[in-house]
Every structure is written in C-alpha cells, then in structure tokens.
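S.K.: Sending over target-v3.tsv (TSV, C-alpha atoms).
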```tsv
chain	number	residue	atom	x	y	z
J	194	MET	CA	-48.60	115.42	132.47
J	195	ASN	CA	-50.29	117.38	135.25
J	196	GLY	CA	-48.62	118.58	138.43
J	197	ALA	CA	-46.73	121.70	139.38
J	198	ILE	CA	-44.58	123.03	142.19
J	199	SER	CA	-45.96	126.14	143.84
J	200	ASN	CA	-44.05	128.21	146.36
J	201	ASN	CA	-44.34	130.93	149.00
J	202	ILE	CA	-41.06	132.66	148.26
J	203	ARG	CA	-42.71	136.02	147.52
J	204	THR	CA	-44.54	135.94	150.89
J	205	LEU	CA	-41.43	134.78	152.76
J	206	ARG	CA	-39.35	137.55	151.20
J	207	PHE	CA	-42.00	140.05	152.29
J	208	MET	CA	-41.95	138.67	155.83
J	209	HIS	CA	-38.16	138.99	155.95
J	210	GLY	CA	-37.98	142.73	155.53
J	211	GLU	CA	-38.95	142.88	151.83
J	212	MET	CA	-35.82	140.98	150.89
J	213	SER	CA	-35.14	141.54	147.20
J	214	GLN	CA	-34.86	138.73	144.67
J	215	ALA	CA	-31.28	139.81	144.03
J	216	GLU	CA	-30.37	139.57	147.72
J	217	LEU	CA	-31.94	136.15	148.07
J	218	GLY	CA	-30.14	135.03	144.93
J	219	LEU	CA	-26.83	136.34	146.20
J	220	ARG	CA	-27.22	134.45	149.49
J	221	ILE	CA	-27.79	131.10	147.81
J	222	GLY	CA	-25.65	131.51	144.68
J	223	LEU	CA	-28.41	132.06	142.10
J	224	THR	CA	-29.08	135.04	139.84
J	225	ARG	CA	-32.02	137.41	140.37
J	226	GLN	CA	-33.56	136.09	137.14
J	227	THR	CA	-33.44	132.51	138.42
J	228	ILE	CA	-35.19	133.52	141.65
J	229	ALA	CA	-37.83	135.31	139.54
J	230	ALA	CA	-38.31	132.18	137.41
J	231	ILE	CA	-38.65	129.99	140.54
J	232	GLU	CA	-41.17	132.41	142.07
J	233	ALA	CA	-43.19	132.42	138.86
J	234	GLY	CA	-43.23	128.60	138.85
J	235	LYS	CA	-41.41	128.49	135.51
J	236	TYR	CA	-38.31	126.80	136.84
J	237	ALA	CA	-38.08	123.97	139.36
J	238	PRO	CA	-34.91	124.45	141.43
J	239	SER	CA	-32.57	121.65	142.38
J	240	LEU	CA	-33.12	120.01	145.75
J	241	GLU	CA	-29.99	121.72	147.06
J	242	ALA	CA	-31.20	125.17	145.98
J	243	ALA	CA	-34.62	124.47	147.50
J	244	PHE	CA	-33.00	123.58	150.85
J	245	ARG	CA	-30.81	126.68	150.68
J	246	ILE	CA	-33.89	128.87	150.12
J	247	ALA	CA	-35.67	127.29	153.08
J	248	ASP	CA	-32.52	127.77	155.16
J	249	VAL	CA	-32.37	131.51	154.36
J	250	PHE	CA	-35.92	131.91	155.69
J	251	ASN	CA	-35.29	129.49	158.55
J	252	VAL	CA	-38.34	127.37	157.68
J	253	SER	CA	-38.86	123.80	156.50
J	254	LEU	CA	-38.84	122.87	152.85
J	255	ALA	CA	-42.58	122.15	152.93
J	256	GLU	CA	-43.26	125.71	154.06
J	257	VAL	CA	-41.56	127.04	150.94
J	258	PHE	CA	-42.54	124.55	148.24
J	259	GLN	CA	-45.77	122.60	147.73
J	260	TRP	CA	-46.70	120.00	145.16
J	261	ASP	CA	-50.07	120.45	143.46
J	262	ALA	CA	-50.84	117.26	141.56
J	263	SER	CA	-53.92	118.63	139.81
J	264	ALA	CA	-52.35	121.88	138.53
J	265	PRO	CA	-51.31	122.03	134.87
J	266	ASN	CA	-47.57	121.86	134.31
J	267	SER	CA	-46.28	125.37	133.60
J	268	GLN	CA	-42.79	124.29	132.59
J	269	ALA	CA	-42.30	123.60	128.89
D	182	MET	CA	-32.15	141.04	130.77
D	183	PRO	CA	-29.85	138.29	132.14
D	184	TYR	CA	-26.18	138.66	131.22
D	185	ARG	CA	-26.17	135.23	129.54
D	186	GLU	CA	-29.07	136.30	127.34
D	187	LYS	CA	-27.17	139.43	126.33
D	188	THR	CA	-24.14	137.37	125.33
D	189	ALA	CA	-26.40	135.00	123.35
D	190	TRP	CA	-27.93	137.97	121.49
D	191	LEU	CA	-24.41	139.25	120.81
D	192	SER	CA	-23.37	135.90	119.32
D	193	LEU	CA	-26.47	135.81	117.12
D	194	LEU	CA	-25.87	139.38	115.99
D	195	ALA	CA	-22.20	138.73	115.21
D	196	MET	CA	-23.09	135.65	113.16
D	197	ALA	CA	-25.81	137.51	111.27
D	198	MET	CA	-23.50	140.44	110.51
D	199	VAL	CA	-20.71	138.27	109.16
D	200	PHE	CA	-22.08	134.98	107.91
D	201	ILE	CA	-25.23	136.13	106.09
D	202	PRO	CA	-23.05	138.23	103.72
D	203	TYR	CA	-20.43	135.47	103.52
D	204	PHE	CA	-22.83	132.67	102.58
D	205	THR	CA	-24.81	134.94	100.25
D	206	TRP	CA	-21.56	135.77	98.46
D	207	ALA	CA	-20.47	132.10	98.42
D	208	THR	CA	-23.83	131.09	96.91
D	209	LEU	CA	-23.87	133.81	94.26
D	210	HIS	CA	-20.17	133.37	93.36
D	211	PRO	CA	-19.30	129.67	93.82
D	212	PRO	CA	-15.55	129.25	94.37
D	213	GLY	CA	-13.57	127.76	91.45
D	214	PRO	CA	-11.96	124.31	91.58
D	215	GLU	CA	-8.34	125.55	91.52
D	216	ILE	CA	-6.12	124.41	94.40
D	217	PRO	CA	-5.14	126.29	96.43
D	218	ASN	CA	-7.91	128.85	95.95
D	219	LEU	CA	-6.18	131.70	97.77
D	220	SER	CA	-8.82	134.36	97.11
D	221	GLN	CA	-11.54	132.12	98.60
D	222	MET	CA	-9.32	131.29	101.54
D	223	ALA	CA	-8.72	135.02	102.11
D	224	ILE	CA	-12.48	135.73	102.16
D	225	TYR	CA	-13.02	132.77	104.49
D	226	ALA	CA	-10.30	134.07	106.82
D	227	CYS	CA	-11.69	137.63	106.70
D	228	ALA	CA	-15.17	136.40	107.66
D	229	SER	CA	-13.84	134.37	110.59
D	230	LEU	CA	-11.60	137.22	111.76
D	231	SER	CA	-14.45	139.77	111.52
D	232	TRP	CA	-16.67	137.47	113.56
D	233	ALA	CA	-14.01	137.11	116.26
D	234	VAL	CA	-13.41	140.89	116.36
D	235	ILE	CA	-17.14	141.71	116.63
D	236	LEU	CA	-17.55	139.12	119.39
D	237	GLY	CA	-14.47	140.37	121.24
D	238	ILE	CA	-15.56	144.03	121.14
D	239	GLY	CA	-19.12	143.07	122.07
D	240	HIS	CA	-18.00	141.06	125.09
D	241	LEU	CA	-15.77	143.91	126.25
D	242	LEU	CA	-18.68	146.36	125.97
D	243	LEU	CA	-21.00	144.00	127.87
D	244	ARG	CA	-18.42	143.51	130.62
D	245	TRP	CA	-17.92	147.26	130.82
D	246	SER	CA	-21.68	147.97	131.02
D	247	SER	CA	-22.50	145.12	133.49
D	248	PRO	CA	-19.31	144.45	135.49
D	249	PHE	CA	-21.07	142.77	138.43
D	250	GLU	CA	-23.15	140.37	136.32
D	251	ALA	CA	-20.14	139.55	134.14
D	252	LYS	CA	-18.23	138.27	137.16
D	253	LEU	CA	-21.01	135.91	138.27
D	254	SER	CA	-20.50	132.29	137.32
D	255	MET	CA	-23.31	130.33	135.68
D	256	ASP	CA	-25.94	129.19	138.16
D	257	GLU	CA	-27.90	125.92	137.93
D	258	ARG	CA	-30.57	127.42	135.65
D	259	ASP	CA	-27.97	128.89	133.28
D	260	ILE	CA	-26.34	125.46	133.08
D	261	ALA	CA	-29.71	123.75	132.51
D	262	ILE	CA	-30.58	126.20	129.71
D	263	ALA	CA	-27.19	125.75	128.05
D	264	HIS	CA	-27.47	121.97	128.36
D	265	LYS	CA	-30.90	121.86	126.72
D	266	ALA	CA	-29.86	124.25	123.93
D	267	ARG	CA	-26.72	122.20	123.29
D	268	GLY	CA	-28.92	119.14	122.71
D	269	TYR	CA	-30.81	120.87	119.89
D	270	ALA	CA	-27.58	122.23	118.38
D	271	TYR	CA	-25.99	118.78	118.49
D	272	GLY	CA	-28.86	117.40	116.40
D	273	VAL	CA	-28.27	120.04	113.73
D	274	LEU	CA	-24.51	119.56	113.81
D	275	ILE	CA	-24.60	115.78	113.52
D	276	THR	CA	-27.10	116.01	110.64
D	277	GLY	CA	-24.77	118.44	108.90
D	278	MET	CA	-21.72	116.29	109.46
D	279	ILE	CA	-23.50	113.21	108.06
D	280	LEU	CA	-24.41	115.27	105.00
D	281	VAL	CA	-20.93	116.72	104.59
D	282	GLY	CA	-18.91	113.62	105.44
D	283	GLY	CA	-21.19	110.84	104.24
D	284	VAL	CA	-23.06	112.20	101.24
D	285	MET	CA	-21.32	115.18	99.69
D	286	PRO	CA	-17.96	113.47	98.97
D	287	PHE	CA	-19.83	111.34	96.38
D	288	THR	CA	-21.57	114.27	94.70
D	289	ASN	CA	-19.57	117.43	95.38
D	290	GLY	CA	-16.04	118.51	96.08
D	291	GLY	CA	-13.63	121.14	97.38
D	292	TRP	CA	-15.08	124.39	98.60
D	293	GLU	CA	-18.69	123.20	98.31
D	294	ILE	CA	-17.99	120.64	101.02
D	295	ALA	CA	-15.94	123.11	103.08
D	296	ASN	CA	-18.59	125.83	102.88
D	297	THR	CA	-21.42	123.40	103.66
D	298	ALA	CA	-19.51	122.16	106.71
D	299	PHE	CA	-18.88	125.75	107.75
D	300	PHE	CA	-22.57	126.58	107.20
D	301	MET	CA	-23.75	123.65	109.32
D	302	ILE	CA	-21.41	124.67	112.15
D	303	VAL	CA	-22.75	128.24	112.00
D	304	LEU	CA	-26.32	126.92	111.85
D	305	ALA	CA	-25.73	124.72	114.91
D	306	GLU	CA	-24.34	127.73	116.77
D	307	CYS	CA	-27.39	129.78	115.75
D	308	VAL	CA	-29.73	127.04	116.99
D	309	PHE	CA	-27.82	126.92	120.28
D	310	TYR	CA	-27.96	130.67	120.92
D	311	ALA	CA	-31.55	131.00	119.66
D	312	ASN	CA	-32.65	128.34	122.14
D	313	VAL	CA	-30.72	130.05	124.94
D	314	VAL	CA	-32.51	133.33	124.15
D	315	ARG	CA	-35.88	131.56	123.91
D	316	SER	CA	-35.42	129.91	127.31
D	317	TYR	CA	-34.47	133.17	129.02
D	318	ARG	CA	-37.36	135.02	127.31
D	319	ARG	CA	-39.83	132.41	128.57
D	320	GLN	CA	-38.12	132.14	131.98
D	321	LEU	CA	-37.60	128.41	131.41
D	322	GLY	CA	-34.83	126.32	132.79
```
Using structure tokens, write down the structure from this file.
M.R.:
Amino acid sequence: MNGAISNNIRTLRFMHGEMSQAELGLRIGLTRQTIAAIEAGKYAPSLEAAFRIADVFNVSLAEVFQWDASAPNSQA
Amino acid sequence: MPYREKTAWLSLLAMAMVFIPYFTWATLHPPGPEIPNLSQMAIYACASLSWAVILGIGHLLLRWSSPFEAKLSMDERDIAIAHKARGYAYGVLITGMILVGGVMPFTNGGWEIANTAFFMIVLAECVFYANVVRSYRRQLG
C-alpha cells in the first residue's frame, strides 16, 4: 500500500540552534535512535509523540509532518 | 547502537555459547531412560546456570559501559519492536508446545520430551532477540 509520512524535523532542529537528536529525544521522552528513525521516515511516531515534537518547536503538527499519498511506504 | 539492541545481542550470544554445546551434546549422547537421571539433570542445571551467569555479567558490563542509556526506560519504539518480536516468538513457542505436549507423548518419552521443550523455548527466545536486532538494524518500529 502506498503512502508515507514525511517530516521537517531535521530542518526544524537546524532552525532551533542545531538542536541534537539526543536533546530533542530527551525533551519528549524518546531515545536518540528513535528520533533518527522518525527523521529517516522509518518509524511513524504515536500521535502523542508527534504533538510533543511540534510543541518543542512551537509549530503546528502540519508543519512537522506531512502525508504523501503517492510515496512508496518505507516502513516494513 | 541502541542499548536495547546491545542487550539483545548479549542474549543471543549467551544462548549460542551455552545452548549450542548443550543441544549438540544431548543429540550426540541421548540421555538414558533411568529415573531419576541425575547426571543429565546436572548437565541441564549447569547449562542453565552458565547461561544466567553469562547474562548477569554481560548486563553488568553493559550498565557499566553505558550508565546513562541503561537508566532510560523503554520508549514507544522500543515497546513496538518488542511487541512485534514477541508475536513471532509466540508462534514458534506455541508450535513447539503443540509438538511437545500433543504429539511427542505418543511417540517419545522422558528426556527427549524435556529437551525438545527446552529447545523450543530457547528457539523462541532466539527468534525474539533476532527480530529485535533486525528491527533496530533496519531502524524499524
């Protein structure tokens, strides 16, 4: 089934003083590896984690995550 | 490497170090039918004890080398990975238990049944930890 979640976390981290994946993870209760997997589009976070990420960057959820219906699913 | 992946590798290593020799020995030298078979029970106990000691030392070393990561509780992805891996392991375990409890009592007895049950439990554990490692390697959740 096609469809994938893309995200702007890398850009948002850059815009917030080059925040590290570890720091972002620490602020929302996830490990650095989980943040890396989310950034790479390999893991779709829970709705709560997605809201927490948006909250850290003080933006709306839609500014962090986008749904691309035509993209191939990268999660196996 | 995530801490949970390290502990999964440790579990796989401990099982390989102890149970490959144990099951090789049990296959090459099938236990006799005498009851109680104390020598077989002693080997069985030694294997289990060795496994526990290797795991214990390994966990202490991992905690010592990564104290911060060791204190972190599982996050949602760790839980999702463990949940998915447990599903595969359950399939192996239930197949083994059907074999051991539903088929083997009619064809085999004693230590053959005990060792097959033990083998299927070890195999289910291996499937669990192998899937955990695979998921972390591929960054899946």
S.K.: Please, which residues of chain D lie no more than 12 Å from chain J when the count uses only C-alpha atoms, and can they be set out as a PyMOL selection string?
M.R.: chain D and resi 182-186+249-262+265+315-322
S.K.: What is the CA of Gly291 in chain D-CA of Pro211 in chain D distance in Å, reported with one decimal?
M.R.: 10.8 Å
S.K.: From the options J:Ile246, J:Ala197, J:Glu241, J:Thr204, which residue's atoms come nearest to Glu216 in chain J, counting all atoms listed in the file?
M.R.: J:Ile246
S.K.: What's the 12 Å shell around range 287-290 of chain D, counting only C-alpha atoms, without same-chain residues fewer than 6 positions away, as an mmCIF file with C-alpha atoms, in the frame of the given file?
M.R.:
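Now in around_15.cif:
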```
data_model
loop_
_atom_site.group_PDB
_atom_site.id
_atom_site.type_symbol
_atom_site.label_atom_id
_atom_site.label_comp_id
_atom_site.auth_asym_id
_atom_site.auth_seq_id
_atom_site.Cartn_x
_atom_site.Cartn_y
_atom_site.Cartn_z
ATOM 1 C CA PRO D 211 -19.300 129.670 93.820
ATOM 2 C CA PRO D 212 -15.550 129.250 94.370
ATOM 3 C CA GLY D 213 -13.570 127.760 91.450
ATOM 4 C CA PRO D 214 -11.960 124.310 91.580
ATOM 5 C CA GLU D 215 -8.340 125.550 91.520
ATOM 6 C CA ILE D 216 -6.120 124.410 94.400
ATOM 7 C CA LEU D 280 -24.410 115.270 105.000
ATOM 8 C CA VAL D 281 -20.930 116.720 104.590
ATOM 9 C CA ASN D 296 -18.590 125.830 102.880
ATOM 10 C CA THR D 297 -21.420 123.400 103.660
ATOM 11 C CA ALA D 298 -19.510 122.160 106.710
#
```
S.K.: Between J:Val249, J:Leu240, J:Ile221, J:Met194, which one has atoms that come closest to Arg206 in chain J, using all atoms listed in the file?
M.R.: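 Distance minimum relative to Arg206 in chain J lands on J:Val249.
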S.K.: Hey, what's within 8 Å of range 237-248 of chain D if we count all atoms listed in the file and toss same-chain stuff fewer than 6 positions away? As a list of chain:residue names, please?
M.R.: D:Tyr184, D:Lys187, D:Thr188, D:Leu191
S.K.: For CA of Ala243 in chain J and CA of Ala311 in chain D, quote the distance in Å rounded to one decimal.
M.R.: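 About the pair CA of Ala243 in chain J and CA of Ala311 in chain D: they are 28.8 Å apart.
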S.K.: Work out how far CA of Ala207 in chain D is from CA of Gly268 in chain D, in Å to one decimal.
M.R.: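 We find that CA of Gly268 in chain D and CA of Ala207 in chain D lie 28.8 Å from each other.
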